>>> print(open('run.pdb').read())   # PDB, C-alpha atoms, pLDDT in the B column
MODEL        1
ATOM      1  CA  MET W   1     -18.831  41.256  57.211  1.00 70.00           C
ATOM      2  CA  PHE W   2     -21.383  42.434  54.656  1.00 81.00           C
ATOM      3  CA  ARG W   3     -18.623  44.138  52.687  1.00 84.00           C
ATOM      4  CA  SER W   4     -16.707  40.843  52.506  1.00 83.00           C
ATOM      5  CA  LEU W   5     -19.795  38.906  51.439  1.00 87.00           C
ATOM      6  CA  PHE W   6     -20.624  41.490  48.780  1.00 89.00           C
ATOM      7  CA  ALA W   7     -17.030  41.344  47.508  1.00 88.00           C
ATOM      8  CA  LEU W   8     -17.283  37.558  47.213  1.00 86.00           C
ATOM      9  CA  LEU W   9     -20.605  37.845  45.366  1.00 90.00           C
ATOM     10  CA  ARG W  10     -19.181  40.441  42.984  1.00 92.00           C
ATOM     11  CA  ARG W  11     -16.111  38.261  42.391  1.00 90.00           C
ATOM     12  CA  ASP W  12     -18.180  35.203  41.474  1.00 89.00           C
ATOM     13  CA  LEU W  13     -20.448  37.205  39.173  1.00 90.00           C
ATOM     14  CA  THR W  14     -17.438  38.820  37.499  1.00 91.00           C
ATOM     15  CA  LEU W  15     -15.842  35.429  36.884  1.00 87.00           C
ATOM     16  CA  ALA W  16     -19.134  34.184  35.455  1.00 85.00           C
ATOM     17  CA  LEU W  17     -19.272  37.142  33.059  1.00 86.00           C
ATOM     18  CA  ARG W  18     -15.772  36.273  31.890  1.00 86.00           C
ATOM     19  CA  ARG W  19     -16.947  32.710  31.160  1.00 84.00           C
ATOM     20  CA  PRO W  20     -20.426  33.247  29.689  1.00 85.00           C
ATOM     21  CA  GLN W  21     -20.320  29.814  28.078  1.00 84.00           C
ATOM     22  CA  ASP W  22     -21.013  28.202  31.455  1.00 81.00           C
ATOM     23  CA  ALA W  23     -24.329  29.995  31.911  1.00 84.00           C
ATOM     24  CA  LEU W  24     -25.205  29.638  28.234  1.00 90.00           C
ATOM     25  CA  THR W  25     -24.640  25.889  28.454  1.00 91.00           C
ATOM     26  CA  VAL W  26     -27.202  25.607  31.256  1.00 91.00           C
ATOM     27  CA  VAL W  27     -29.785  27.732  29.449  1.00 92.00           C
ATOM     28  CA  GLY W  28     -29.088  25.976  26.145  1.00 93.00           C
ATOM     29  CA  PHE W  29     -29.571  22.572  27.752  1.00 94.00           C
ATOM     30  CA  PHE W  30     -32.890  23.691  29.251  1.00 94.00           C
ATOM     31  CA  VAL W  31     -34.122  25.060  25.934  1.00 93.00           C
ATOM     32  CA  VAL W  32     -33.017  22.063  23.871  1.00 93.00           C
ATOM     33  CA  VAL W  33     -34.574  19.479  26.221  1.00 92.00           C
ATOM     34  CA  VAL W  34     -37.940  21.249  26.280  1.00 92.00           C
ATOM     35  CA  ALA W  35     -37.870  22.055  22.552  1.00 89.00           C
ATOM     36  CA  LEU W  36     -37.110  18.465  21.536  1.00 89.00           C
ATOM     37  CA  PHE W  37     -39.737  16.942  23.783  1.00 86.00           C
ATOM     38  CA  PRO W  38     -42.717  17.623  21.438  1.00 85.00           C
ATOM     39  CA  LEU W  39     -40.824  15.921  18.628  1.00 85.00           C
ATOM     40  CA  GLY W  40     -40.755  12.705  20.606  1.00 83.00           C
ATOM     41  CA  ILE W  41     -44.357  12.548  21.808  1.00 83.00           C
ATOM     42  CA  GLY W  42     -46.270  14.263  19.021  1.00 78.00           C
ATOM     43  CA  PRO W  43     -47.769  17.716  18.373  1.00 79.00           C
ATOM     44  CA  ASP W  44     -51.144  17.246  20.096  1.00 84.00           C
ATOM     45  CA  PRO W  45     -51.657  20.569  21.991  1.00 85.00           C
ATOM     46  CA  GLU W  46     -53.721  19.201  24.856  1.00 87.00           C
ATOM     47  CA  PHE W  47     -51.370  16.297  25.457  1.00 88.00           C
ATOM     48  CA  LEU W  48     -48.385  18.655  25.469  1.00 88.00           C
ATOM     49  CA  ARG W  49     -50.185  20.965  27.875  1.00 90.00           C
ATOM     50  CA  SER W  50     -50.929  18.139  30.296  1.00 90.00           C
ATOM     51  CA  LEU W  51     -47.267  17.108  30.377  1.00 90.00           C
ATOM     52  CA  ALA W  52     -45.790  20.628  30.362  1.00 92.00           C
ATOM     53  CA  PRO W  53     -45.391  21.146  34.156  1.00 93.00           C
ATOM     54  CA  GLY W  54     -43.409  17.953  34.609  1.00 92.00           C
ATOM     55  CA  VAL W  55     -41.348  18.468  31.454  1.00 93.00           C
ATOM     56  CA  LEU W  56     -40.361  22.017  32.340  1.00 95.00           C
ATOM     57  CA  TRP W  57     -39.517  21.157  35.943  1.00 95.00           C
ATOM     58  CA  VAL W  58     -37.468  18.083  35.084  1.00 94.00           C
ATOM     59  CA  ALA W  59     -35.575  20.051  32.433  1.00 94.00           C
ATOM     60  CA  ALA W  60     -34.880  22.863  34.925  1.00 94.00           C
ATOM     61  CA  LEU W  61     -33.744  20.355  37.550  1.00 93.00           C
ATOM     62  CA  LEU W  62     -31.309  18.671  35.157  1.00 92.00           C
ATOM     63  CA  ALA W  63     -30.028  22.021  33.890  1.00 93.00           C
ATOM     64  CA  VAL W  64     -29.242  23.213  37.414  1.00 92.00           C
ATOM     65  CA  MET W  65     -27.573  19.908  38.248  1.00 90.00           C
ATOM     66  CA  LEU W  66     -25.423  20.242  35.124  1.00 87.00           C
ATOM     67  CA  SER W  67     -23.711  23.308  36.601  1.00 86.00           C
ATOM     68  CA  LEU W  68     -23.204  22.123  40.185  1.00 88.00           C
ATOM     69  CA  GLU W  69     -19.823  20.480  39.658  1.00 83.00           C
ATOM     70  CA  ARG W  70     -18.213  23.882  39.042  1.00 82.00           C
ATOM     71  CA  LEU W  71     -19.738  25.497  42.131  1.00 85.00           C
ATOM     72  CA  PHE W  72     -16.637  24.913  44.270  1.00 85.00           C
ATOM     73  CA  SER W  73     -14.232  23.056  41.954  1.00 83.00           C
ATOM     74  CA  ASP W  74     -12.417  26.106  40.566  1.00 81.00           C
ATOM     75  CA  ASP W  75     -11.945  27.605  44.033  1.00 83.00           C
ATOM     76  CA  TYR W  76     -10.772  24.214  45.279  1.00 83.00           C
ATOM     77  CA  ARG W  77      -8.125  23.937  42.570  1.00 82.00           C
ATOM     78  CA  ASP W  78      -6.680  27.453  43.005  1.00 81.00           C
ATOM     79  CA  GLY W  79      -6.715  27.388  46.830  1.00 80.00           C
ATOM     80  CA  THR W  80      -9.470  29.954  47.347  1.00 80.00           C
ATOM     81  CA  LEU W  81     -11.509  27.567  49.478  1.00 82.00           C
ATOM     82  CA  GLU W  82      -8.599  27.067  51.846  1.00 82.00           C
ATOM     83  CA  GLN W  83      -8.276  30.828  52.199  1.00 84.00           C
ATOM     84  CA  MET W  84     -11.962  31.044  53.081  1.00 83.00           C
ATOM     85  CA  LEU W  85     -11.302  28.878  56.119  1.00 82.00           C
ATOM     86  CA  LEU W  86      -8.880  31.511  57.417  1.00 81.00           C
ATOM     87  CA  VAL W  87     -11.096  34.592  57.164  1.00 81.00           C
ATOM     88  CA  PRO W  88     -13.081  35.739  60.235  1.00 82.00           C
ATOM     89  CA  GLU W  89     -16.456  35.524  58.486  1.00 84.00           C
ATOM     90  CA  PRO W  90     -18.442  32.288  59.097  1.00 88.00           C
ATOM     91  CA  LEU W  91     -17.843  29.759  56.349  1.00 88.00           C
ATOM     92  CA  GLY W  92     -21.584  29.061  56.182  1.00 89.00           C
ATOM     93  CA  LEU W  93     -22.291  32.643  55.104  1.00 91.00           C
ATOM     94  CA  LEU W  94     -19.523  32.512  52.504  1.00 91.00           C
ATOM     95  CA  VAL W  95     -20.984  29.286  51.120  1.00 92.00           C
ATOM     96  CA  LEU W  96     -24.459  30.843  51.075  1.00 93.00           C
ATOM     97  CA  THR W  97     -23.094  33.810  49.114  1.00 92.00           C
ATOM     98  CA  LYS W  98     -21.482  31.525  46.541  1.00 92.00           C
ATOM     99  CA  THR W  99     -24.707  29.525  46.247  1.00 94.00           C
ATOM    100  CA  PHE W 100     -26.674  32.745  45.721  1.00 95.00           C
ATOM    101  CA  ALA W 101     -24.263  33.717  42.949  1.00 93.00           C
ATOM    102  CA  HIS W 102     -24.762  30.274  41.403  1.00 92.00           C
ATOM    103  CA  TRP W 103     -28.533  30.787  41.439  1.00 94.00           C
ATOM    104  CA  LEU W 104     -28.217  34.222  39.828  1.00 94.00           C
ATOM    105  CA  ILE W 105     -26.089  32.715  37.063  1.00 92.00           C
ATOM    106  CA  THR W 106     -28.088  29.538  36.432  1.00 92.00           C
ATOM    107  CA  GLY W 107     -31.448  29.455  38.222  1.00 92.00           C
ATOM    108  CA  LEU W 108     -32.699  32.968  37.503  1.00 94.00           C
ATOM    109  CA  PRO W 109     -32.158  32.735  33.707  1.00 94.00           C
ATOM    110  CA  LEU W 110     -34.217  29.536  33.695  1.00 95.00           C
ATOM    111  CA  VAL W 111     -37.070  31.347  35.446  1.00 95.00           C
ATOM    112  CA  LEU W 112     -36.922  34.204  32.945  1.00 95.00           C
ATOM    113  CA  ILE W 113     -36.843  32.026  29.839  1.00 95.00           C
ATOM    114  CA  SER W 114     -39.474  29.544  31.014  1.00 94.00           C
ATOM    115  CA  PRO W 115     -42.480  31.558  29.668  1.00 94.00           C
ATOM    116  CA  LEU W 116     -41.224  31.211  26.086  1.00 93.00           C
ATOM    117  CA  LEU W 117     -40.940  27.461  26.433  1.00 93.00           C
ATOM    118  CA  ALA W 118     -44.272  27.269  28.248  1.00 93.00           C
ATOM    119  CA  VAL W 119     -45.968  28.923  25.275  1.00 92.00           C
ATOM    120  CA  GLN W 120     -44.480  26.247  23.041  1.00 89.00           C
ATOM    121  CA  LEU W 121     -46.094  23.613  25.264  1.00 90.00           C
ATOM    122  CA  ASN W 122     -49.480  25.375  25.029  1.00 89.00           C
ATOM    123  CA  LEU W 123     -49.754  26.646  28.618  1.00 92.00           C
ATOM    124  CA  ARG W 124     -52.184  29.488  29.310  1.00 92.00           C
ATOM    125  CA  ALA W 125     -51.215  32.844  30.807  1.00 93.00           C
ATOM    126  CA  ASP W 126     -52.279  32.025  34.377  1.00 93.00           C
ATOM    127  CA  GLU W 127     -50.438  28.702  34.206  1.00 94.00           C
ATOM    128  CA  ILE W 128     -47.290  30.432  32.949  1.00 95.00           C
ATOM    129  CA  VAL W 129     -47.422  32.889  35.851  1.00 95.00           C
ATOM    130  CA  MET W 130     -47.734  29.997  38.295  1.00 96.00           C
ATOM    131  CA  LEU W 131     -44.858  28.191  36.585  1.00 95.00           C
ATOM    132  CA  MET W 132     -42.584  31.215  36.979  1.00 95.00           C
ATOM    133  CA  LEU W 133     -43.591  31.668  40.608  1.00 96.00           C
ATOM    134  CA  ALA W 134     -42.980  27.994  41.383  1.00 96.00           C
ATOM    135  CA  LEU W 135     -39.586  28.090  39.642  1.00 95.00           C
ATOM    136  CA  LEU W 136     -38.710  31.283  41.498  1.00 96.00           C
ATOM    137  CA  LEU W 137     -39.286  29.477  44.777  1.00 95.00           C
ATOM    138  CA  GLY W 138     -37.959  26.107  43.682  1.00 94.00           C
ATOM    139  CA  THR W 139     -34.729  26.829  41.825  1.00 95.00           C
ATOM    140  CA  PRO W 140     -33.013  28.324  44.924  1.00 95.00           C
ATOM    141  CA  ILE W 141     -33.838  25.068  46.726  1.00 96.00           C
ATOM    142  CA  LEU W 142     -32.150  23.137  43.909  1.00 94.00           C
ATOM    143  CA  SER W 143     -29.007  25.274  44.195  1.00 94.00           C
ATOM    144  CA  LEU W 144     -28.923  25.064  47.996  1.00 94.00           C
ATOM    145  CA  ILE W 145     -29.367  21.295  48.109  1.00 94.00           C
ATOM    146  CA  GLY W 146     -26.962  20.859  45.226  1.00 92.00           C
ATOM    147  CA  SER W 147     -24.258  22.803  47.058  1.00 92.00           C
ATOM    148  CA  ILE W 148     -24.042  19.970  49.600  1.00 92.00           C
ATOM    149  CA  GLY W 149     -23.401  17.430  46.855  1.00 89.00           C
ATOM    150  CA  ALA W 150     -20.892  19.744  45.177  1.00 89.00           C
ATOM    151  CA  ALA W 151     -18.974  20.077  48.450  1.00 88.00           C
ATOM    152  CA  LEU W 152     -18.986  16.343  49.171  1.00 87.00           C
ATOM    153  CA  THR W 153     -17.478  15.532  45.751  1.00 85.00           C
ATOM    154  CA  LEU W 154     -14.644  18.075  45.771  1.00 83.00           C
ATOM    155  CA  GLY W 155     -11.550  16.716  44.096  1.00 73.00           C
ATOM    156  CA  LEU W 156     -13.162  13.380  43.174  1.00 74.00           C
ATOM    157  CA  ARG W 157     -13.172  11.890  39.697  1.00 71.00           C
ATOM    158  CA  GLY W 158     -16.591  11.729  38.113  1.00 65.00           C
ATOM    159  CA  GLY W 159     -17.891  14.347  40.516  1.00 67.00           C
ATOM    160  CA  GLY W 160     -20.872  15.160  38.318  1.00 70.00           C
ATOM    161  CA  VAL W 161     -22.160  11.582  38.416  1.00 76.00           C
ATOM    162  CA  LEU W 162     -21.649  11.377  42.179  1.00 81.00           C
ATOM    163  CA  ILE W 163     -23.518  14.651  42.688  1.00 83.00           C
ATOM    164  CA  ALA W 164     -26.470  13.240  40.749  1.00 82.00           C
ATOM    165  CA  LEU W 165     -26.526  10.081  42.864  1.00 84.00           C
ATOM    166  CA  LEU W 166     -26.350  12.092  46.089  1.00 84.00           C
ATOM    167  CA  ILE W 167     -28.905  14.807  45.470  1.00 89.00           C
ATOM    168  CA  LEU W 168     -31.469  13.440  43.001  1.00 89.00           C
ATOM    169  CA  PRO W 169     -33.522  11.814  45.797  1.00 90.00           C
ATOM    170  CA  LEU W 170     -33.530  15.145  47.656  1.00 92.00           C
ATOM    171  CA  TYR W 171     -34.778  16.934  44.541  1.00 94.00           C
ATOM    172  CA  ALA W 172     -38.005  14.914  44.470  1.00 93.00           C
ATOM    173  CA  PRO W 173     -40.031  17.092  46.920  1.00 94.00           C
ATOM    174  CA  PRO W 174     -39.480  20.445  45.145  1.00 95.00           C
ATOM    175  CA  LEU W 175     -40.040  18.729  41.797  1.00 94.00           C
ATOM    176  CA  ILE W 176     -43.381  17.273  42.933  1.00 95.00           C
ATOM    177  CA  LEU W 177     -44.543  20.514  44.566  1.00 95.00           C
ATOM    178  CA  GLY W 178     -43.419  22.760  41.706  1.00 94.00           C
ATOM    179  CA  ALA W 179     -45.037  20.705  38.981  1.00 94.00           C
ATOM    180  CA  GLY W 180     -48.076  20.145  41.200  1.00 94.00           C
ATOM    181  CA  ALA W 181     -48.624  23.884  41.618  1.00 95.00           C
ATOM    182  CA  VAL W 182     -48.941  24.366  37.861  1.00 94.00           C
ATOM    183  CA  ASP W 183     -51.067  21.239  37.519  1.00 93.00           C
ATOM    184  CA  ALA W 184     -53.432  22.534  40.209  1.00 93.00           C
ATOM    185  CA  VAL W 185     -53.996  25.756  38.263  1.00 93.00           C
ATOM    186  CA  MET W 186     -54.587  23.724  35.095  1.00 91.00           C
ATOM    187  CA  HIS W 187     -57.422  21.854  36.827  1.00 89.00           C
ATOM    188  CA  GLY W 188     -58.977  24.923  38.452  1.00 86.00           C
ATOM    189  CA  ALA W 189     -57.754  24.160  41.980  1.00 89.00           C
ATOM    190  CA  SER W 190     -55.774  26.325  44.390  1.00 90.00           C
ATOM    191  CA  ALA W 191     -51.981  26.097  44.323  1.00 91.00           C
ATOM    192  CA  GLN W 192     -51.562  27.845  47.678  1.00 93.00           C
ATOM    193  CA  ALA W 193     -50.605  24.650  49.506  1.00 94.00           C
ATOM    194  CA  HIS W 194     -47.908  23.816  46.968  1.00 95.00           C
ATOM    195  CA  LEU W 195     -46.447  27.319  47.089  1.00 95.00           C
ATOM    196  CA  SER W 196     -46.573  27.417  50.889  1.00 95.00           C
ATOM    197  CA  LEU W 197     -44.666  24.152  51.125  1.00 96.00           C
ATOM    198  CA  LEU W 198     -42.141  25.327  48.536  1.00 95.00           C
ATOM    199  CA  GLY W 199     -41.650  28.549  50.502  1.00 95.00           C
ATOM    200  CA  ALA W 200     -41.202  26.612  53.738  1.00 96.00           C
ATOM    201  CA  MET W 201     -38.666  24.333  52.075  1.00 95.00           C
ATOM    202  CA  MET W 202     -36.746  27.326  50.746  1.00 95.00           C
ATOM    203  CA  VAL W 203     -36.612  28.959  54.195  1.00 95.00           C
ATOM    204  CA  PHE W 204     -35.457  25.705  55.782  1.00 95.00           C
ATOM    205  CA  ALA W 205     -32.833  25.218  53.061  1.00 94.00           C
ATOM    206  CA  LEU W 206     -31.588  28.799  53.522  1.00 93.00           C
ATOM    207  CA  PHE W 207     -30.903  28.161  57.200  1.00 92.00           C
ATOM    208  CA  ALA W 208     -29.794  24.514  57.112  1.00 93.00           C
ATOM    209  CA  THR W 209     -27.887  23.765  53.915  1.00 94.00           C
ATOM    210  CA  PRO W 210     -25.130  26.450  54.145  1.00 93.00           C
ATOM    211  CA  TRP W 211     -23.877  24.995  57.420  1.00 92.00           C
ATOM    212  CA  ALA W 212     -24.100  21.429  56.105  1.00 92.00           C
ATOM    213  CA  THR W 213     -22.195  22.514  52.997  1.00 92.00           C
ATOM    214  CA  ALA W 214     -19.590  24.315  55.123  1.00 91.00           C
ATOM    215  CA  ALA W 215     -19.093  21.159  57.184  1.00 91.00           C
ATOM    216  CA  ALA W 216     -18.668  19.134  53.980  1.00 89.00           C
ATOM    217  CA  VAL W 217     -16.099  21.620  52.669  1.00 88.00           C
ATOM    218  CA  ARG W 218     -14.096  21.362  55.888  1.00 87.00           C
ATOM    219  CA  ILE W 219     -14.180  17.572  55.700  1.00 85.00           C
ATOM    220  CA  MET W 220     -12.979  17.500  52.089  1.00 82.00           C
ATOM    221  CA  LEU W 221     -10.194  20.025  52.790  1.00 79.00           C
ATOM    222  CA  ASP W 222      -8.846  18.159  55.819  1.00 74.00           C
TER     223      ASP W 222
ENDMDL
END
>>> encode(input="run.pdb", output="structure tokens")
Amino acid sequence: MFRSLFALLRRDLTLALRRPQDALTVVGFFVVVVALFPLGIGPDPEFLRSLAPGVLWVAALLAVMLSLERLFSDDYRDGTLEQMLLVPEPLGLLVLTKTFAHWLITGLPLVLISPLLAVQLNLRADEIVMLMLALLLGTPILSLIGSIGAALTLGLRGGGVLIALLILPLYAPPLILGAGAVDAVMHGASAQAHLSLLGAMMVFALFATPWATAAAVRIMLD
């Protein structure tokens, strides 16, 4: 089973390397949104710093959501998803593997590039570390929740808009906790509660969302 899951992960990563524009679009969107924000509100360093946690988290959320439509659509069009229903491995684990590949392609680059954008918004070193830690815990939650919306909109016109309508309300808790963790550090408070809740949400999403996504895939393929 692990050999099959690893083969699926390697396949998705290989396909992503053959289409680097997909990952670059997500990263480019994240960079452009954050870089343009100071032009709209002014160059005041303290004001930018106070808004930085929310700006960076909202930009990361929208960047991840931008890539969700392609999570299953290509496999749906070429029949790969139907073949996954026939293999002996549980569909939930296959979906989890594909979601992990999606996070490696989209979520992890956002975590790695966030310090450069945080410096532009005048965050201090300890706040940047907290931002990266919160994104490291939060972006997998965004991919896992988003996989449900991607599965429910398979084959539908305007799937990207429908995904946004379905999952944006579910993105509110990680957004609030992630931005709140950085804000707590900015005001000299402890961010342990925010990180603990983010970690608990990630564990719950790891166990719950793959099976919900697998059920949605079966429904859309029937």
>>> residues_around(input="run.pdb", residues="Leu117 of chain W", least_positions_apart="5", cutoff="10 Å", atoms="only C-alpha atoms", output="list in words")
Phe30, Val31, Val32, Val34, Ala35, Ala52, Leu56, Asn122, Leu123 and Ile128 of chain W
>>> residues_around(input="run.pdb", residues="Thr25 of chain W", least_positions_apart="5", cutoff="9 Å", atoms="all atoms listed in the file", output="list in words")
Pro20, Phe30, Ala63, Leu66 and Ser67 of chain W
>>> atom_distance(input="run.pdb", atom1="atom CA of Gly138 of chain W", atom2="atom CA of Leu198 of chain W")
6.5 Å
>>> resolve_selection(input="run.pdb", expression="the PyMOL selection byres ((chain W and resi 102) around 9)", output="JSON, numbers by chain")
{"W": [12, 13, 67, 68, 71, 97, 98, 99, 100, 101, 103, 104, 105, 106, 107, 143]}
>>> resolve_selection(input="run.pdb", expression="the PyMOL selection byres ((chain W and resi 145) around 8)", output="PyMOL selection string")
chain W and resi 141-144+146-149+167+170-171+205+209
>>> residues_near_point(input="run.pdb", point="(-44.4, 26.1, 26.7)", cutoff="12 Å", atoms="only C-alpha atoms", output="count of residues only")
37
